[in-house]
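Chemist: Provided herewith: entry-v4.pdb, PDB, C-alpha atoms, pLDDT in the B column.
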ATOM      1  CA  MET A1299     -21.398 -11.379 -20.239  1.00 49.00           C
ATOM      2  CA  SER A1300     -17.853 -12.184 -21.312  1.00 65.00           C
ATOM      3  CA  ASN A1301     -15.086 -13.392 -19.062  1.00 76.00           C
ATOM      4  CA  LEU A1302     -12.990 -10.491 -17.749  1.00 72.00           C
ATOM      5  CA  LEU A1303      -9.742 -12.185 -18.747  1.00 73.00           C
ATOM      6  CA  ASP A1304     -10.974 -12.465 -22.345  1.00 77.00           C
ATOM      7  CA  GLN A1305     -10.338  -8.724 -22.581  1.00 83.00           C
ATOM      8  CA  VAL A1306      -6.655  -9.098 -21.678  1.00 90.00           C
ATOM      9  CA  ASN A1307      -3.885  -9.923 -24.119  1.00 92.00           C
ATOM     10  CA  PRO A1308      -2.910 -13.486 -23.033  1.00 92.00           C
ATOM     11  CA  GLU A1309       0.815 -12.914 -23.544  1.00 96.00           C
ATOM     12  CA  LEU A1310       0.675  -9.683 -21.565  1.00 96.00           C
ATOM     13  CA  PHE A1311      -1.245 -11.397 -18.768  1.00 96.00           C
ATOM     14  CA  ARG A1312       1.420 -14.131 -18.684  1.00 97.00           C
ATOM     15  CA  ILE A1313       4.098 -11.435 -18.304  1.00 97.00           C
ATOM     16  CA  TYR A1314       2.091  -9.705 -15.562  1.00 98.00           C
ATOM     17  CA  ALA A1315       1.548 -13.011 -13.736  1.00 97.00           C
ATOM     18  CA  PHE A1316       5.203 -14.066 -13.964  1.00 98.00           C
ATOM     19  CA  TRP A1317       6.584 -10.763 -12.687  1.00 98.00           C
ATOM     20  CA  SER A1318       3.890 -10.571  -9.993  1.00 98.00           C
ATOM     21  CA  VAL A1319       5.046 -13.954  -8.726  1.00 98.00           C
ATOM     22  CA  ILE A1320       8.610 -12.643  -8.640  1.00 98.00           C
ATOM     23  CA  LEU A1321       7.453  -9.670  -6.536  1.00 98.00           C
ATOM     24  CA  VAL A1322       5.551 -11.945  -4.163  1.00 98.00           C
ATOM     25  CA  ALA A1323       8.647 -14.124  -3.763  1.00 97.00           C
ATOM     26  CA  LYS A1324      10.712 -11.009  -3.071  1.00 97.00           C
ATOM     27  CA  MET A1325       8.270  -9.884  -0.383  1.00 96.00           C
ATOM     28  CA  LEU A1326       8.358 -13.339   1.211  1.00 96.00           C
ATOM     29  CA  LEU A1327      12.158 -13.240   1.178  1.00 95.00           C
ATOM     30  CA  MET A1328      12.070  -9.842   2.895  1.00 95.00           C
ATOM     31  CA  SER A1329       9.919 -11.362   5.634  1.00 93.00           C
ATOM     32  CA  LEU A1330      12.385 -14.224   5.976  1.00 95.00           C
ATOM     33  CA  TYR A1331      15.289 -11.762   6.037  1.00 94.00           C
ATOM     34  CA  THR A1332      13.596  -9.894   8.901  1.00 91.00           C
ATOM     35  CA  THR A1333      13.489 -13.158  10.842  1.00 89.00           C
ATOM     36  CA  VAL A1334      17.123 -13.927  10.033  1.00 93.00           C
ATOM     37  CA  THR A1335      18.135 -10.428  11.155  1.00 91.00           C
ATOM     38  CA  ARG A1336      16.219 -10.846  14.424  1.00 85.00           C
ATOM     39  CA  PHE A1337      18.089 -14.093  15.132  1.00 85.00           C
ATOM     40  CA  ARG A1338      21.427 -12.639  14.105  1.00 89.00           C
ATOM     41  CA  LYS A1339      20.917  -9.663  16.434  1.00 85.00           C
ATOM     42  CA  MET A1340      18.960 -11.671  19.032  1.00 84.00           C
ATOM     43  CA  ALA A1341      16.405  -8.860  18.927  1.00 81.00           C
ATOM     44  CA  PHE A1342      12.976 -10.303  19.604  1.00 81.00           C
ATOM     45  CA  ILE A1343       9.920  -8.227  20.503  1.00 83.00           C
ATOM     46  CA  ASN A1344       7.643 -10.949  21.882  1.00 81.00           C
ATOM     47  CA  PRO A1345       8.275 -12.283  25.394  1.00 81.00           C
ATOM     48  CA  GLU A1346       7.309 -15.837  24.380  1.00 84.00           C
ATOM     49  CA  ASP A1347       9.960 -15.766  21.631  1.00 76.00           C
ATOM     50  CA  VAL A1348      12.608 -14.605  24.070  1.00 78.00           C
ATOM     51  CA  LYS A1349      11.659 -17.268  26.654  1.00 77.00           C
ATOM     52  CA  SER A1350      11.716 -20.051  24.061  1.00 80.00           C
ATOM     53  CA  ILE A1351      15.302 -19.212  23.103  1.00 78.00           C
ATOM     54  CA  SER A1352      16.981 -18.307  26.388  1.00 74.00           C
ATOM     55  CA  ALA A1353      15.999 -17.153  29.856  1.00 72.00           C
ATOM     56  CA  LYS A1354      18.900 -14.674  29.693  1.00 76.00           C
ATOM     57  CA  LEU A1355      17.542 -12.765  26.709  1.00 77.00           C
ATOM     58  CA  LYS A1356      15.514  -9.605  27.064  1.00 81.00           C
ATOM     59  CA  VAL A1357      12.803  -8.213  24.812  1.00 83.00           C
ATOM     60  CA  ILE A1358      14.411  -5.699  22.444  1.00 83.00           C
ATOM     61  CA  PHE A1359      12.405  -3.067  20.610  1.00 84.00           C
ATOM     62  CA  GLY A1360      13.885  -0.851  17.954  1.00 85.00           C
ATOM     63  CA  ASP A1361      17.064  -2.631  16.917  1.00 87.00           C
ATOM     64  CA  PRO A1362      18.289  -0.422  14.043  1.00 89.00           C
ATOM     65  CA  ASP A1363      19.154  -3.306  11.704  1.00 89.00           C
ATOM     66  CA  VAL A1364      15.876  -5.134  12.277  1.00 90.00           C
ATOM     67  CA  GLU A1365      13.898  -1.912  11.923  1.00 90.00           C
ATOM     68  CA  ARG A1366      15.627  -1.069   8.635  1.00 92.00           C
ATOM     69  CA  VAL A1367      14.646  -4.422   7.143  1.00 93.00           C
ATOM     70  CA  ARG A1368      11.105  -4.075   8.517  1.00 91.00           C
ATOM     71  CA  ARG A1369      10.769  -0.614   6.971  1.00 93.00           C
ATOM     72  CA  ALA A1370      11.941  -1.933   3.604  1.00 94.00           C
ATOM     73  CA  HIS A1371       9.396  -4.754   3.859  1.00 94.00           C
ATOM     74  CA  ARG A1372       6.621  -2.356   4.885  1.00 94.00           C
ATOM     75  CA  ASN A1373       7.522  -0.132   1.946  1.00 95.00           C
ATOM     76  CA  ASP A1374       7.055  -3.173  -0.312  1.00 95.00           C
ATOM     77  CA  LEU A1375       3.605  -3.779   1.123  1.00 95.00           C
ATOM     78  CA  GLU A1376       2.666  -0.121   0.673  1.00 95.00           C
ATOM     79  CA  ASN A1377       3.784  -0.033  -2.960  1.00 96.00           C
ATOM     80  CA  ILE A1378       3.640  -3.509  -4.464  1.00 97.00           C
ATOM     81  CA  LEU A1379       0.119  -4.395  -3.378  1.00 96.00           C
ATOM     82  CA  PRO A1380      -1.433  -1.293  -5.011  1.00 97.00           C
ATOM     83  CA  PHE A1381       0.686  -1.973  -8.087  1.00 98.00           C
ATOM     84  CA  PHE A1382      -0.824  -5.469  -8.413  1.00 98.00           C
ATOM     85  CA  VAL A1383      -4.340  -4.045  -8.512  1.00 98.00           C
ATOM     86  CA  VAL A1384      -3.598  -1.089 -10.770  1.00 98.00           C
ATOM     87  CA  ALA A1385      -1.448  -3.112 -13.168  1.00 98.00           C
ATOM     88  CA  PHE A1386      -4.223  -5.692 -13.556  1.00 97.00           C
ATOM     89  CA  LEU A1387      -6.749  -2.945 -14.278  1.00 96.00           C
ATOM     90  CA  TYR A1388      -4.243  -1.407 -16.682  1.00 97.00           C
ATOM     91  CA  LEU A1389      -4.168  -4.694 -18.611  1.00 97.00           C
ATOM     92  CA  LEU A1390      -7.926  -4.285 -19.161  1.00 96.00           C
ATOM     93  CA  THR A1391      -7.287  -1.009 -21.026  1.00 96.00           C
ATOM     94  CA  ASN A1392      -5.682  -2.939 -23.900  1.00 95.00           C
ATOM     95  CA  PRO A1393      -2.292  -1.205 -23.626  1.00 97.00           C
ATOM     96  CA  ASP A1394       0.544  -1.626 -26.108  1.00 97.00           C
ATOM     97  CA  PRO A1395       2.089  -4.954 -25.025  1.00 97.00           C
ATOM     98  CA  ARG A1396       5.692  -3.802 -25.447  1.00 97.00           C
ATOM     99  CA  TRP A1397       5.115  -0.643 -23.416  1.00 98.00           C
ATOM    100  CA  ALA A1398       3.157  -2.470 -20.707  1.00 98.00           C
ATOM    101  CA  THR A1399       5.888  -5.115 -20.459  1.00 98.00           C
ATOM    102  CA  LYS A1400       8.533  -2.426 -19.988  1.00 98.00           C
ATOM    103  CA  LEU A1401       6.454  -0.748 -17.279  1.00 98.00           C
ATOM    104  CA  ILE A1402       5.902  -3.993 -15.381  1.00 98.00           C
ATOM    105  CA  ARG A1403       9.568  -4.942 -15.580  1.00 98.00           C
ATOM    106  CA  ALA A1404      10.612  -1.447 -14.502  1.00 98.00           C
ATOM    107  CA  VAL A1405       8.554  -1.806 -11.332  1.00 98.00           C
ATOM    108  CA  VAL A1406       9.984  -5.235 -10.557  1.00 98.00           C
ATOM    109  CA  VAL A1407      13.570  -4.087 -11.056  1.00 98.00           C
ATOM    110  CA  SER A1408      12.986  -0.911  -9.044  1.00 97.00           C
ATOM    111  CA  ARG A1409      11.462  -2.857  -6.138  1.00 97.00           C
ATOM    112  CA  ILE A1410      14.362  -5.324  -6.092  1.00 97.00           C
ATOM    113  CA  VAL A1411      16.847  -2.447  -6.167  1.00 96.00           C
ATOM    114  CA  HIS A1412      14.880  -0.670  -3.441  1.00 96.00           C
ATOM    115  CA  SER A1413      15.101  -3.704  -1.160  1.00 95.00           C
ATOM    116  CA  LEU A1414      18.809  -4.023  -1.812  1.00 95.00           C
ATOM    117  CA  VAL A1415      19.706  -0.387  -1.205  1.00 95.00           C
ATOM    118  CA  TYR A1416      17.343   0.057   1.738  1.00 92.00           C
ATOM    119  CA  GLY A1417      17.105  -3.184   3.655  1.00 87.00           C
ATOM    120  CA  LEU A1418      20.000  -5.405   2.694  1.00 87.00           C
ATOM    121  CA  MET A1419      22.980  -3.241   1.732  1.00 90.00           C
ATOM    122  CA  PRO A1420      22.162   0.356   2.704  1.00 88.00           C
ATOM    123  CA  VAL A1421      23.399   2.836   0.112  1.00 89.00           C
ATOM    124  CA  PRO A1422      23.319   6.619   0.452  1.00 89.00           C
ATOM    125  CA  GLN A1423      20.530   8.567  -1.200  1.00 90.00           C
ATOM    126  CA  PRO A1424      19.404   9.084  -3.931  1.00 94.00           C
ATOM    127  CA  ALA A1425      19.521   5.330  -4.682  1.00 92.00           C
ATOM    128  CA  ARG A1426      16.503   4.554  -2.520  1.00 93.00           C
ATOM    129  CA  LEU A1427      14.601   7.612  -3.723  1.00 95.00           C
ATOM    130  CA  LEU A1428      15.192   6.768  -7.385  1.00 96.00           C
ATOM    131  CA  SER A1429      14.133   3.149  -7.013  1.00 95.00           C
ATOM    132  CA  PHE A1430      11.060   4.195  -5.029  1.00 95.00           C
ATOM    133  CA  GLY A1431      10.279   6.902  -7.586  1.00 96.00           C
ATOM    134  CA  VAL A1432      10.242   4.520 -10.542  1.00 97.00           C
ATOM    135  CA  THR A1433       7.525   2.423  -8.913  1.00 97.00           C
ATOM    136  CA  MET A1434       5.517   5.506  -7.997  1.00 97.00           C
ATOM    137  CA  LEU A1435       5.748   7.016 -11.467  1.00 98.00           C
ATOM    138  CA  VAL A1436       4.764   3.790 -13.218  1.00 98.00           C
ATOM    139  CA  THR A1437       1.903   3.131 -10.819  1.00 98.00           C
ATOM    140  CA  PHE A1438       0.576   6.687 -11.144  1.00 98.00           C
ATOM    141  CA  TYR A1439       0.871   6.461 -14.912  1.00 98.00           C
ATOM    142  CA  MET A1440      -1.231   3.302 -14.838  1.00 98.00           C
ATOM    143  CA  VAL A1441      -3.733   4.942 -12.475  1.00 98.00           C
ATOM    144  CA  VAL A1442      -4.181   7.850 -14.895  1.00 98.00           C
ATOM    145  CA  GLN A1443      -4.494   5.536 -17.897  1.00 98.00           C
ATOM    146  CA  CYS A1444      -7.135   3.474 -16.087  1.00 97.00           C
ATOM    147  CA  ALA A1445      -9.038   6.545 -14.951  1.00 97.00           C
ATOM    148  CA  LEU A1446      -9.104   7.898 -18.504  1.00 97.00           C
ATOM    149  CA  TYR A1447     -10.138   4.549 -19.943  1.00 95.00           C
ATOM    150  CA  PHE A1448     -12.833   3.666 -17.422  1.00 93.00           C
ATOM    151  CA  VAL A1449     -14.401   7.122 -17.022  1.00 92.00           C
TER     152      VAL A1449
END
Could you rewrite the structure in this file as structure tokens?
Modeler:
Amino acid sequence: MSNLLDQVNPELFRIYAFWSVILVAKMLLMSLYTTVTRFRKMAFINPEDVKSISAKLKVIFGDPDVERVRRAHRNDLENILPFFVVAFLYLLTNPDPRWATKLIRAVVVSRIVHSLVYGLMPVPQPARLLSFGVTMLVTFYMVVQCALYFV
């Protein structure tokens, strides 16, 4: 039985790996930004966190700024993690390297834009919808291609 990675174009896998690392770093930065926003707003949800900072602080649920960043981060988790799996499977279908590279980069750019327009610098719709839609369309395209290939 051959190694699974032997079936993947090495240059395309390198591109997938590089941009996947960028997405992971972006998700980690969103987690860090949630923490920074909590400190900036002094909006902590755990009593032990509040006590460790000041006896005068109260537990605060639902701060709008913190919740916005958390929703952007959750949206990343809901969309980027499935993309990782589907994009890897898509690489096994021997796609055109130029097309696959464009699809991967489109997802990365759209997720960065989504975080910016949703969690960091809120912008009116349809900016968030468009950036979300690019990821969805690319991921669904890859899902269909994989389903057709592996059926």
Chemist: Report as a PDB file with C-alpha atoms, in the coordinates of the input the full result of the PyMOL selection byres ((chain A and resi 1396-1401) around 10) when it is applied to this structure.
Modeler:
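Contents of expr.pdb, as written:
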ATOM      1  CA  GLU A1309       0.815 -12.914 -23.544  1.00 96.00           C
ATOM      2  CA  LEU A1310       0.675  -9.683 -21.565  1.00 96.00           C
ATOM      3  CA  PHE A1311      -1.245 -11.397 -18.768  1.00 96.00           C
ATOM      4  CA  ILE A1313       4.098 -11.435 -18.304  1.00 97.00           C
ATOM      5  CA  TYR A1314       2.091  -9.705 -15.562  1.00 98.00           C
ATOM      6  CA  TRP A1317       6.584 -10.763 -12.687  1.00 98.00           C
ATOM      7  CA  ALA A1385      -1.448  -3.112 -13.168  1.00 98.00           C
ATOM      8  CA  TYR A1388      -4.243  -1.407 -16.682  1.00 97.00           C
ATOM      9  CA  LEU A1389      -4.168  -4.694 -18.611  1.00 97.00           C
ATOM     10  CA  ASN A1392      -5.682  -2.939 -23.900  1.00 95.00           C
ATOM     11  CA  PRO A1393      -2.292  -1.205 -23.626  1.00 97.00           C
ATOM     12  CA  ASP A1394       0.544  -1.626 -26.108  1.00 97.00           C
ATOM     13  CA  PRO A1395       2.089  -4.954 -25.025  1.00 97.00           C
ATOM     14  CA  ILE A1402       5.902  -3.993 -15.381  1.00 98.00           C
ATOM     15  CA  ARG A1403       9.568  -4.942 -15.580  1.00 98.00           C
ATOM     16  CA  ALA A1404      10.612  -1.447 -14.502  1.00 98.00           C
ATOM     17  CA  VAL A1405       8.554  -1.806 -11.332  1.00 98.00           C
ATOM     18  CA  VAL A1406       9.984  -5.235 -10.557  1.00 98.00           C
ATOM     19  CA  VAL A1432      10.242   4.520 -10.542  1.00 97.00           C
ATOM     20  CA  THR A1433       7.525   2.423  -8.913  1.00 97.00           C
ATOM     21  CA  LEU A1435       5.748   7.016 -11.467  1.00 98.00           C
ATOM     22  CA  VAL A1436       4.764   3.790 -13.218  1.00 98.00           C
ATOM     23  CA  THR A1437       1.903   3.131 -10.819  1.00 98.00           C
ATOM     24  CA  TYR A1439       0.871   6.461 -14.912  1.00 98.00           C
ATOM     25  CA  MET A1440      -1.231   3.302 -14.838  1.00 98.00           C
TER      26      MET A1440
END
Chemist: Atom CA of A:Gly1417 and atom CA of A:Thr1333, how far apart in Å?
Modeler: 12.8 Å
Chemist: Using all atoms listed in the file, which residue out of A:Leu1326, A:Leu1390, A:Ile1358, A:Ile1343 lies closest to A:Asn1307?
Modeler: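 Ranked by minimum distance to A:Asn1307, first place goes to A:Leu1390.
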Chemist: Kindly list the centre and edge lengths in Å, rounded to one decimal, for the axis-aligned box that covers all listed atoms of stretch 1341-1344 of chain A plus 5 Å on each of its six sides, as lines of an AutoDock Vina configuration file.
Modeler:
center_x = 12.0
center_y = -9.6
center_z = 20.4
size_x = 18.8
size_y = 12.7
size_z = 13.0
Chemist: Find the distance between atom CA of A:Lys1356 and atom CA of A:Thr1332 and write it in Å to one decimal.
Modeler: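 Separation of atom CA of A:Lys1356 and atom CA of A:Thr1332: 18.3 Å.
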Chemist: When you count all atoms listed in the file, which of these residues is closest to A:Leu1428: A:Ser1408, A:Tyr1447, A:Asn1373, A:Ala1315?
Modeler: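 Nearest to A:Leu1428: A:Ser1408.
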Chemist: What does the distance from atom CA of A:Ser1352 to atom CA of A:Ala1370 come to in Å, to one decimal?
Modeler: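 Separation between atom CA of A:Ser1352 and atom CA of A:Ala1370: 28.5 Å.
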Chemist: Might you pull out every residue within 7 Å of A:Phe1430, with all atoms listed in the file counted and same-chain residues fewer than 4 positions away left off, and present them as a list in words?
Modeler: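 Once the adjacent positions are removed, what remains is Ser1408, His1412, Arg1426 and Met1434 of chain A.
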Chemist: To verify the selection step, state as a PyMOL selection string which residues the PyMOL selection byres ((chain A and resi 1369) around 12) yields on this input.
Modeler: chain A and resi 1328-1329+1332+1360-1368+1370-1376+1412-1413+1416-1418
Chemist: Residues within 6 Å of (20.7, 1.1, -5.7), file coordinates, counting all atoms listed in the file: what are they? Give the list as a ChimeraX atom specification.
Modeler: /A:1411,1415,1425
Chemist: When distances are computed from only C-alpha atoms, which of A:Leu1387, A:Val1441, A:Leu1330, A:Ala1353 shows the smallest separation from A:Leu1303?
Modeler: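 Closest residue, counting only C-alpha atoms: A:Leu1387.
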Chemist: Here is a test: counting all atoms listed in the file, which residue of A:Val1319, A:Ile1351, A:Val1357, A:Val1334 is nearest to A:Ile1378?
Modeler: A:Val1319
Chemist: Would you mind telling me which residue in A:Leu1321, A:Leu1446, A:Arg1338, A:Leu1302 lies nearest to A:Arg1409 when using only C-alpha atoms?
Modeler: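 Using only C-alpha atoms, the shortest distance to A:Arg1409 belongs to A:Leu1321.
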